[in-house]
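Structure, as structure tokens:
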Amino acid sequence: MKTAVGRERGPASAVVSALGALLLIGGAVAPAATADTPRERAWYLDRMQAPEMWKVSTGEGVTVALLDTGVIPTVPELTGKVLQGKNFVEPERGAHQDKDGHGTGMAMLIAGNGANGQGVKGLAPGARILPLTVFGSSKEAGTNSVTAVMKALRYAADSDAHIINMSLAIENYALDNRTREDFRQVVKYAIRRGKLLLAGTGNSAEKGNDVSYPAATPGVAGIASVDESGTVAPYSVSGPQVALAAPGEGIPVRCGGGMTGYCDSGGTSQATALASASAALIWSMHPDWTGNQVLRVLMNTAARPTEGAVPSRYIGYGTVRPRIAVLGDPGDPGPADVNPLVAARAPRAPRATASAPGGTATPVAQPVVADRSPASVARVVWTAAGVVLAAVVAAVAVGASRRRRGLSPESSPHSGPRRTPRA
């Protein structure tokens with residue numbers, strides 16, 4: 001089966017996938033400047049008010065399962081952070097090896113300790129990482145990556161992990177209908193187990209904007225990338241699968257598989273890692289919540305798109321702002337057993353909720369409050385009377401017309417009400 005699996009714009013230069021398709025771990029990667037530390041270049045930590053959040057929550061008690069290239073636990077930023085994990089492609093190698101450094105970089109962005117101020121500081125430095133290797137170190141091993149991702153998903157669902165981070169993308173053409181259904185089933189299983197699933201939407205917006213999985217699987221939060229100005233990155237794949245956005249440009253990580261020096265990187269991989277870390281900060285404060293509830297709070301507290309409808313095809317329900325929930329009021333987390341993304345796509349009665357582009361419904365819509373003032377009541381009464389009168393007049397006119405044309409009500413053609421498409 002023709003397969004394309006990519007780790008999205010990670011910390012190394014672009015390489016060719018072992019599967020013969022694009023392995024998007026490169027992208028805009030530049031050598032680190034020597035004048036400042038990775039922490040000083042981590043603009044997003046200050047923008048997200050991380051130091052203030054760390055006074056309240058560091059993500060302690062939350063485990064993030066990382067489906068990736070493996071994680072090197074001996075780098076200074078990850079000392080004591082990395083669990084044993086499992087390798088689903090080459091079991092004999094274990095999950096503590098990382099040939100190109102992508103998984104290790106994502107782990108640092110989530111839970112890095114900063115290496116005494118000289119290294120990468122994670123957004124949720126109190127969290128732990130469960131490494132689950134789904135990419136092999138050789139061409140032969142790489143052919144099993146799709147199967148490995150699904151096996152790792154089920155393993156993560158049965159583990160003690162809270163969050164399942166998938167900084168990867170499987171191109172739509174690589175999956176047949178059976179495989180997509182298999183993905184749906186394993187995702188449903190993980191959600192029923194209380195997990196929160198996040199995946200990069202992909203970096204091919206400038207090269208076809210192809211839909212990728214697992215981000216497009218119902219129930220998975222597809223994460224887009226934004227830059228320091230809050231603008232969606234030009235490479236970030238858009239569409240109805242985008243649930244949220246997070247910082248993904250100008251992100252310092254250790255360089256490549258050698259883990260020597262620091263590079264600036266960018267991609268939906270990085271954005272997914274920071275979204276997962278955001279969830280960890282919130283979940284640490286509310287350990288009795290499920291993944292559905294944490295996701296709903298992330299959606300409800302996100303910075304909304306400045307233009308257009310919500311959800312936006314570019315940043316979904318908005319850019320994550322965990323500080324709103326950590327430092328303030330998280331709001332109503334909603335039901336524990338209802339995934340807000342699946343609920344948003346489910347058909348509903350037209351009067352029950354507002355619809356959004358693509359036929360989805362926004363779960364963050366505010367309830368309609370009725371105006372019960374005397375003037376309002378009078379307007380309603382007169383409006384209703386007018387409607388009734390108009391209906392009577394119309395019925396008389398239609399009846400007369402049909403009699404003239406020889407049509408009875410039973411034989412007359414019928415068309416439903418016209419619906420004006422929303423932009």
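Chain labels run A, B, ... following the order of the structure tokens; each chain numbers its residues from 1, and ligands are numbered from 1 in the order shown.
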
| query | DSSP says helix (DSSP H, G or I) for which residues of region 143-274 of chain A? Put them as an MDAnalysis selection string? | reply | chainID A and resid 145:158 172:174 177:192 205:207 268:274

Would you write out those residues with C-alpha atoms, as a compact mmCIF listing (two decimals), in the first residue's frame?
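Contents of again_31.txt, as written:
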# COMPACT_ATOMS: atom_id res chain seq x y z
CA SER A 145 4.29 3.17 10.44
CA VAL A 146 0.53 3.35 9.74
CA THR A 147 -0.08 0.09 11.57
CA ALA A 148 2.27 1.24 14.33
CA VAL A 149 0.31 4.46 14.85
CA MET A 150 -2.93 2.56 15.36
CA LYS A 151 -1.32 0.04 17.71
CA ALA A 152 0.28 2.86 19.67
CA LEU A 153 -3.05 4.67 19.90
CA ARG A 154 -4.71 1.66 21.49
CA TYR A 155 -1.74 1.16 23.80
CA ALA A 156 -1.94 4.80 24.88
CA ALA A 157 -5.68 4.46 25.42
CA ASP A 158 -5.05 1.60 27.87
CA ASN A 172 -5.24 11.05 2.80
CA TYR A 173 -4.21 9.11 -0.31
CA ALA A 174 -2.24 6.67 1.84
CA ASN A 177 -11.61 3.22 3.51
CA ARG A 178 -10.94 0.24 5.75
CA THR A 179 -7.92 1.92 7.34
CA ARG A 180 -9.83 5.17 7.90
CA GLU A 181 -12.56 3.17 9.62
CA ASP A 182 -9.93 1.44 11.75
CA PHE A 183 -8.65 4.86 12.78
CA ARG A 184 -12.15 5.97 13.69
CA GLN A 185 -12.68 2.94 15.86
CA VAL A 186 -9.42 3.22 17.77
CA VAL A 187 -9.96 6.96 18.26
CA LYS A 188 -13.46 6.31 19.61
CA TYR A 189 -12.00 3.73 21.97
CA ALA A 190 -9.39 6.17 23.27
CA ILE A 191 -11.98 8.89 23.80
CA ARG A 192 -14.23 6.48 25.70
CA ALA A 205 -1.10 24.22 2.62
CA GLU A 206 1.15 25.71 -0.05
CA LYS A 207 1.42 22.39 -1.89
CA THR A 268 2.19 22.03 13.12
CA SER A 269 4.25 19.49 15.08
CA GLN A 270 5.44 22.23 17.40
CA ALA A 271 1.96 23.73 17.61
CA THR A 272 0.52 20.33 18.58
CA ALA A 273 3.11 19.88 21.32
CA LEU A 274 2.30 23.29 22.80

| field | Backbone-only DSSP, strand (DSSP E or B) members of region 137-328 of chain A, as JSON, numbers by chain | value | {"A": [163, 164, 165, 166, 169, 170, 171, 196, 197, 198, 199, 200, 212, 213, 221, 222, 223, 224, 225, 226, 232, 242, 243, 244, 245, 246, 247, 251, 252, 253, 254, 262, 263, 264, 265, 303, 312, 316, 319]}

Using only C-alpha atoms, which residues sit within 7 Å of region 103-106 of chain A once same-chain residues fewer than 4 positions away are excluded, as a short mmCIF file (atom, residue, chain, number, x, y, z; two decimals) with C-alpha atoms, in the first residue's frame?
data_model
loop_
_atom_site.label_atom_id
_atom_site.label_comp_id
_atom_site.auth_asym_id
_atom_site.auth_seq_id
_atom_site.Cartn_x
_atom_site.Cartn_y
_atom_site.Cartn_z
CA PRO A 11 13.91 20.24 14.42
CA ASP A 68 6.74 9.92 17.42
CA THR A 69 10.34 8.92 16.67
CA GLY A 70 11.18 8.01 20.25
CA VAL A 71 12.62 10.19 23.01
CA ILE A 72 16.19 10.38 24.34
CA ASP A 98 15.64 8.90 18.43
CA ILE A 110 5.91 19.86 26.38
CA VAL A 253 14.66 23.02 19.90
CA ARG A 254 17.83 20.94 20.01
CA GLN A 270 5.44 22.23 17.40
CA ALA A 273 3.11 19.88 21.32
#

| field | Counting only C-alpha atoms, the option among A:Val134, A:Ala115, A:Leu78, A:Val64 closest to Pro91 (chain A) | value | A:Val134

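Checking A:Thr319, A:Asn339, A:Ser284, A:Thr260 one by one against Tyr44 (chain A), counting only C-alpha atoms, you find the shortest gap at A:Thr319.
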